[in-house]
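Just below is one structure, and these are the notes that go with it.
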Protein chains: 2
Amino acid sequence: MKAYIISIGDELLLGQTVNTNASLIGEKLSNLNIDVTKISVIGDDASVIRDEFNNAWINSDIVLVTGGLGPTHDDVTRNCVVKFFKTNLSLNEDVLKDIIELFAKWEREITDINKDQANVPEIAEVIRNNKGTAPGYWIEKDDKIFVVMPGVPYEMEEMMNSFVIPKILEMGLDKQGLVRRLILNTTGIPESHLFERLGDLEEILGEAKLAFLPNQYGVKLRITVKGEDEETVNNNLIEVEQKIRAKAGRFIFGKNHETLENVVGKLLEKRDLTISVAESCTGGSLANHLTNVSGSSKYFDRGVVSYSNASKVEILKVDEDVIIEHGAVSREVAMQMAEGVRSTSGTDIGVSTTGIMGPTGATTDKPVGLVYIGYCDEKVCTARKVVFGGDRLLNKQRTVQAALDLVRRQVLGISLDD
Amino acid sequence: MKAYIISIGDELLLGQTVNTNASLIGEKLSNLNIDVTKISVIGDDASVIRDEFNNAWINSDIVLVTGGLGPTHDDVTRNCVVKFFKTNLSLNEDVLKDIIELFAKWEREITDINKDQANVPEIAEVIRNNKGTAPGYWIEKDDKIFVVMPGVPYEMEEMMNSFVIPKILEMGLDKQGLVRRLILNTTGIPESHLFERLGDLEEILGEAKLAFLPNQYGVKLRITVKGEDEETVNNNLIEVEQKIRAKAGRFIFGKNHETLENVVGKLLEKRDLTISVAESCTGGSLANHLTNVSGSSKYFDRGVVSYSNASKVEILKVDEDVIIEHGAVSREVAMQMAEGVRSTSGTDIGVSTTGIMGPTGATTDKPVGLVYIGYCDEKVCTARKVVFGGDRLLNKQRTVQAALDLVRRQVLGISLDD
């Protein structure tokens with residue numbers, strides 16, 4: 001079972017939009033053991049689109065197309081589908097009803113160009129859209145499948161979840177071959193050090209495969225195991241995981257799509273601990289990450305984004321003299337901020353960040369990228385110094401990651417050393 | 001001048017990594033009037049990679065490859081380059097020096113697999129990497145260009161900026177044809193309404209082209225003008241922009257890559273206004289957006305993430321009885337939060353958010369997606385009700401966007417009506 005993804009839209013070639021759709025589809029298909037062999041991105045040009053339809057149709061078993069189904073003049077995908085499959089458009093009453101209802105819910109007036117979206121290729125089974133006006137199409141021909149979905153990410157995702165994936169499962173297209181993947185998420189160690197730490201990969205892996213995927217937050221380790229039966233494959237995966245954990249366990253914070261904020265959240269909830277944060281350099285991003293987790297109100301009490309020195313003194317009770325003596329970016333202030341937010345909010349843990357995110361703000365003794373992260377609980381009050389690079393947004397993201405990892409390690413009692 | 005981008009990495013096909021590299025390269029090339037005709041994504045498989053190299057080489061003038069240059073066993077791009085160009089590897093002393101220095105700066109021990117990265121294809125001019133260990137390659141042959149860069153986004157971006165773009169300019173490859181694009185960023189109006197509001201597109205556009213690019217934050221309008229000379233093209237672009245602004249000006253907050261937080265930041269700085277924020281449902285994301293702007297400490301004083309009711313009362317001086325009577329998610333509490341953060345911080349403006357982000361938390365009279373955004377300044381204290389959907393992260397992002405737009409409209413004196 002080979003899949004081919006086609007993403008349509010000039011905005012993707014021009015780099016105005018990042019192609020998150022292809023990643024999402026790729027992930028969902030690979031979870032069903034369907035191999036995505038290629039993703040191609042092309043513009044809103046009818047002849048190029050039809051050529052690529054042809055190319056994909058010849059080289060794969062299932063083609064998934066997104067984009068170009070909007071109501072305006074620059075969307076040409078529907079007509080390309082009609083011509084490629086030599087079919088016609090006809091009005092679908094269900095879709096028309098969906099569109100009318102959607103506009104009523106939004107309390108917006110419906111337009112003729114939206115109504116026209118209810119005209120669909122006759123050959124297609126319609127995929128209803130409950131988050132937008134463009135329906136998707138499911139087409140079966142010559143033992144192959146051709147799926148067309150809107151380019152708006154959350155509309156496409158809803159169609160994948162509610163129609164495409166269930167349909168693939170129903171048709172039994174996912175049963176070919178047995179592959180299992182596991183990702184171990186690490187943070188706080190560079191790729192080459194992790195590689196060296198693991199040592200003899202052949203001994204760890206046997207027949208399994210391992211990929212190193214570095215990004216700004218850390219390195220993901222992707223283990224892939226193939227085999228004949230479910231039990232052997234799963235046991236093999238567990239064995240490899242255990243061997244890797246034995247070598248680099250302290251750096252592994254979670255599996256697959258687990259984020260550090262999810263892991264920390266679960267940990268706090270399990271231990272019945274509450275947390276508050278005092279942010280200077282991360283400017284709200286640490287609180288934002290923590291509150292991205294549904295249910296975070298159980299352990300997250302409050303955050304203070306103390307950008308001005310006055311706010312550090314007024315809300316967090318930081319000693320003004322300490323700021324004058326050591327500077328706002330210092331170990332001392334980080335600790336007072338963490339303790340201040342902890343004591344004023346009455347939470348178990350207080351965490352703080354203060355640093356120079358750049359591109360400006362460096363002094364002779366404090367470079368851009370210098371950060372102190374404070375952590376206080378009932379027993380410990382400490383601060384960790386880290387030095388990042390010159391990119392403001394990257395520095396914010398890395399500081400948040402390091403602060404969350406500091407909480408994880410402190411709560412779990414894992415050494416802060418490399 | 002046709003460009004072809006190849007992104008290499010199983011993680012891209014499996015959807016574990018979103019392909020931001022291709023967007024960045026596409027954008028930079030299109031700014032130089034170089035047409036990106038196709039982006040293809042393939043896995044770490046040597047034979048597939050060499051086939052795609054061949055395909056791209058035949059169909060374009062410049063090929064840009066990213067990914068698969070890392071130090072570990074799963075990176076095969078370097079060897080594919082060697083075979084495709086029938087060349088050999090040889091040690092580059094400059095690159096070796098770079099790698100040694102980088103590890104010294106990080107205070108990390110260097111490894112043999114990193115040193116091996118200094119072996120580069122003989123046919124290539126080396127692109128130095130000052131953010132990581134893998135060098136890039138610039139290869140010229142048969143009047144065509146072949147560029148290979150690492151897949152780590154910030155390393156690739158640095159190479160594009162410091163080497164590839166300057167080299168393209170130096171060779172005069174950007175001078176073919178005259179195309180100018182302008183994006184007008186709108187928020188607060190659906191695509192079809194914007195389309196109707198603009199009315200007769202032929203009258204507005206003449207020979208220009210217009211694309212509607214919707215995303216969760218709003219709709220981007222991309223105007224494209226082609227022509228013979230710079231002056232005519234620019235005048236044409238200005239004319240189209242003015243006609244669009246005459247019809248939908250209040251929804252347009254900025255151009256091209258301007259974000260709403262940048263626009264609001266500039267506006268506050270220009271008017272010499274300061275701001276503080278009190279966030280419940282957005283959990284720090286509003287402060288985070290504001291502080292993503294370099295220099296934001298000039299106008300951003302502080303933020304309070306008042307997740308618990310206690311923190312609303314203690315820090316923001318919200319009346320506890322009002323919370324009990326109207327609920328934390330209410331117009332009254334939104335206004336008290338905005339006024340509370342404004343008066344306690346002494347800023348000119350106070351903004352607040354309170355809402356039900358989901359997926360849980362709905363009550364009989366308050367659905368998931370219900371949000372109140374408060375705004376107070378010296379003269380006005382108001383709150384705006386908005387209703388979004390069921391997705392937690394999307395709701396947070398949309399609330400931040402609506403809050404920033406509320407500030408923009410209030411400061412500029414633009415009506416809040418559609």
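All residue names refer to the structure tokens as shown: chains lettered A, B, ... in order, residues numbered from 1 in each chain, ligands numbered from 1 in order.
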
Just want the 6 Å neighbourhood of range 131-146 of chain B, counted on only C-alpha atoms, with same-chain residues fewer than 2 positions away dropped. Output as a CSV table (one decimal) with C-alpha atoms, in the first residue's frame.
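File produced: part-v2.csv:
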```csv
chain,number,residue,atom,x,y,z
B,61,ASP,CA,18.2,25.4,-13.2
B,62,ILE,CA,18.9,25.4,-9.5
B,63,VAL,CA,18.3,22.5,-7.1
B,99,ILE,CA,33.9,22.1,14.1
B,117,GLN,CA,31.8,15.8,8.8
B,124,ALA,CA,31.8,21.3,-4.0
B,125,GLU,CA,32.5,24.7,-2.7
B,126,VAL,CA,32.0,24.4,1.0
B,127,ILE,CA,29.3,26.5,2.8
B,128,ARG,CA,30.6,27.1,6.3
B,129,ASN,CA,28.2,26.4,9.2
B,148,VAL,CA,23.0,21.0,-0.3
B,149,MET,CA,22.3,22.2,3.2
B,155,GLU,CA,21.6,26.1,10.4
```

Using only C-alpha atoms, what does the table of range 311-375 of chain A residues within 10 Å of range 327-351 of chain B look like, with each row giving the shortest atom pair and its distance in Å to one decimal, sorted by chain and ascending number, as a Markdown table?
```
| residue | atom | partner | partner_atom | distance |
| --- | --- | --- | --- | --- |
| A:Ser311 | CA | B:Ser345 | CA | 7.4 |
| A:Glu314 | CA | B:Ser345 | CA | 9.0 |
| A:Ile315 | CA | B:Thr344 | CA | 9.7 |
```

Per DSSP on the backbone, what are the strand (DSSP E or B) residues of range 127-296 of chain B, as a VMD selection string? chain B and resid 127 136 to 141 144 to 149 179 to 186 209 to 215 218 to 226 252 to 255 275 to 279

Once you have the residues from the selection above, write them out as a compact mmCIF listing (two decimals), in the first residue's frame, restricted to C-alpha atoms.
```
# COMPACT_ATOMS: atom_id res chain seq x y z
CA ILE B 127 29.30 26.48 2.79
CA GLY B 136 26.80 22.75 3.15
CA TYR B 137 27.84 22.29 -0.49
CA TRP B 138 27.57 24.64 -3.48
CA ILE B 139 28.12 22.83 -6.77
CA GLU B 140 28.16 24.40 -10.26
CA LYS B 141 28.10 22.16 -13.33
CA LYS B 144 23.28 24.63 -13.38
CA ILE B 145 23.55 24.92 -9.63
CA PHE B 146 23.15 22.27 -6.95
CA VAL B 147 23.02 23.34 -3.30
CA VAL B 148 23.01 20.99 -0.32
CA MET B 149 22.33 22.19 3.23
CA VAL B 179 7.29 40.33 -10.46
CA ARG B 180 6.21 42.06 -7.29
CA ARG B 181 4.01 40.64 -4.59
CA LEU B 182 2.29 42.26 -1.69
CA ILE B 183 0.34 40.58 1.08
CA LEU B 184 -2.33 42.43 3.02
CA ASN B 185 -3.06 40.72 6.35
CA THR B 186 -6.67 40.85 7.53
CA LYS B 209 -3.76 38.80 -9.60
CA LEU B 210 -5.30 38.28 -6.19
CA ALA B 211 -5.24 35.19 -3.96
CA PHE B 212 -7.20 34.61 -0.74
CA LEU B 213 -5.19 32.70 1.88
CA PRO B 214 -7.28 31.84 4.94
CA ASN B 215 -5.83 30.50 8.17
CA GLY B 218 -7.63 35.63 9.39
CA VAL B 219 -7.31 35.90 5.62
CA LYS B 220 -4.18 37.05 3.81
CA LEU B 221 -4.71 38.78 0.46
CA ARG B 222 -1.81 38.24 -1.91
CA ILE B 223 -1.55 40.70 -4.81
CA THR B 224 0.80 39.79 -7.68
CA VAL B 225 1.79 42.24 -10.41
CA LYS B 226 4.02 41.50 -13.40
CA ILE B 252 -6.26 45.08 7.25
CA PHE B 253 -3.74 45.28 10.07
CA GLY B 254 -0.47 44.91 8.23
CA LYS B 255 1.55 43.90 5.19
CA ILE B 275 0.35 48.25 28.30
CA SER B 276 -0.18 45.47 30.81
CA VAL B 277 -2.22 42.30 30.41
CA ALA B 278 -4.32 40.08 32.67
CA GLU B 279 -4.87 36.66 31.20
```

Could you list, as an NGL selection string, every residue within 7 Å of Ser285 in chain A, counting only C-alpha atoms and ignoring same-chain residues fewer than 5 positions away? (:A and (400)) or (:B and (284-285 or 288))

May I have the selected residues written with C-alpha atoms, as a compact mmCIF listing (two decimals), in the first residue's frame?
```txt
# COMPACT_ATOMS: atom_id res chain seq x y z
CA VAL A 400 10.98 27.37 28.47
CA GLY B 284 0.33 33.72 29.09
CA SER B 285 0.06 33.52 25.32
CA ASN B 288 4.21 35.93 25.03
```

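Secondary structure of range 26-67 of chain B, alpha helix (DSSP H) only (DSSP, backbone atoms): B:Gly26, B:Glu27, B:Lys28, B:Leu29, B:Ser30, B:Asn31, B:Ala46, B:Ser47, B:Val48, B:Ile49, B:Arg50, B:Asp51, B:Glu52, B:Phe53, B:Asn54, B:Asn55, B:Ala56, B:Trp57, B:Ile58, B:Asn59.
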
Using only C-alpha atoms, which residue out of B:Leu89, B:Leu173, B:Cys381, B:Val386 lies closest to chain A? B:Val386

Counting only C-alpha atoms, which residue out of A:Leu24, A:Leu267, A:Tyr372, A:Lys385 sits closest to Gln410 in chain A? A:Leu267

For range 232-246 of chain A: contacts at 6 Å, only C-alpha atoms, fewer than 5 positions along chain excluded, given as a PyMOL selection string: chain A and resi 204-205+227

Selection to disk with N, CA and C atoms, as a compact mmCIF listing (two decimals), in the first residue's frame:
```txt
# COMPACT_ATOMS: atom_id res chain seq x y z
N ILE A 204 22.62 -2.60 20.76
CA ILE A 204 21.33 -2.10 21.23
C ILE A 204 20.21 -2.51 20.28
N LEU A 205 20.47 -2.42 18.97
CA LEU A 205 19.38 -2.47 18.00
C LEU A 205 19.06 -3.86 17.45
N GLY A 227 8.43 -6.90 11.67
CA GLY A 227 8.41 -8.33 12.00
C GLY A 227 7.14 -9.00 11.56
```

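Between chain A and the candidates B:Val304, B:Leu64, B:Met160, B:Ile324, the tightest atom-to-atom separation, counting only C-alpha atoms, involves B:Val304.
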
Show me, as a ChimeraX atom specification, the residues that have an atom within 8 Å of Leu198 in chain A when counting only C-alpha atoms, minus same-chain residues fewer than 4 positions from it. /A:194,244,247-248

Separation of CA of Met156 in chain A from CA of Tyr217 in chain B in Å: 16.6 Å

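Atom to atom, CA of Gly67 in chain A and CA of Pro153 in chain A stand 9.6 Å apart.
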
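Shortest separation to chain B among A:Asn79, A:Thr37, A:Thr364, A:Ser162 occurs at residue A:Thr37, atoms counted being only C-alpha atoms.
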
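Take the candidates B:Thr353, B:Asn55, B:Ser297, B:Thr66 and check each one against chain A using only C-alpha atoms; the shortest distance goes to B:Ser297.
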
Could you name the residues that touch range 103-106 of chain B at 12 Å or less, counting only C-alpha atoms, but leaving out those on the same chain fewer than 2 positions away, as a ChimeraX atom specification? /A:189-190,192-193,386-389 /B:96-101,108-111,114-115,130-133

Given the selection you just returned, output its residues as a file containing C-alpha atoms, formatted as a short mmCIF file (atom, residue, chain, number, x, y, z; two decimals), in the first residue's frame.
```cif
data_model
loop_
_atom_site.label_atom_id
_atom_site.label_comp_id
_atom_site.auth_asym_id
_atom_site.auth_seq_id
_atom_site.Cartn_x
_atom_site.Cartn_y
_atom_site.Cartn_z
CA ILE A 189 22.08 16.79 25.32
CA PRO A 190 23.51 17.38 21.81
CA SER A 192 26.69 13.63 18.89
CA HIS A 193 26.97 13.26 22.68
CA VAL A 386 22.41 28.37 30.85
CA VAL A 387 23.84 30.09 27.77
CA PHE A 388 21.97 29.97 24.47
CA GLY A 389 22.54 31.78 21.15
CA LEU B 96 37.56 20.84 10.63
CA LYS B 97 38.70 24.01 12.38
CA ASP B 98 35.09 25.29 12.52
CA ILE B 99 33.92 22.06 14.13
CA ILE B 100 36.72 22.04 16.71
CA GLU B 101 36.04 25.67 17.62
CA ARG B 108 31.68 20.00 25.01
CA GLU B 109 34.09 17.26 24.01
CA ILE B 110 34.45 16.69 20.26
CA THR B 111 33.67 13.25 18.80
CA ASN B 114 31.76 15.11 14.12
CA LYS B 115 35.32 15.32 12.79
CA ASN B 130 28.61 28.55 12.30
CA LYS B 131 25.61 27.13 14.15
CA GLY B 132 26.30 23.43 13.77
CA THR B 133 28.79 20.87 12.55
#
```

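Shortest separation to Asp112 in chain A among B:Glu378, B:Glu196, B:Asp272, B:Glu261 occurs at residue B:Glu196, atoms counted being only C-alpha atoms.
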
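When the distance limit is 10 Å and only C-alpha atoms are what count, the residues near Ala310 in chain B, minus those fewer than 6 positions from it on the same chain, are Asp301, Arg302 and Ser345 of chain A; Leu316, Lys317, Val318 and Glu320 of chain B.
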
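The coordinates place CA of Gly249 in chain A at 22.7 Å from CA of Ile373 in chain A.
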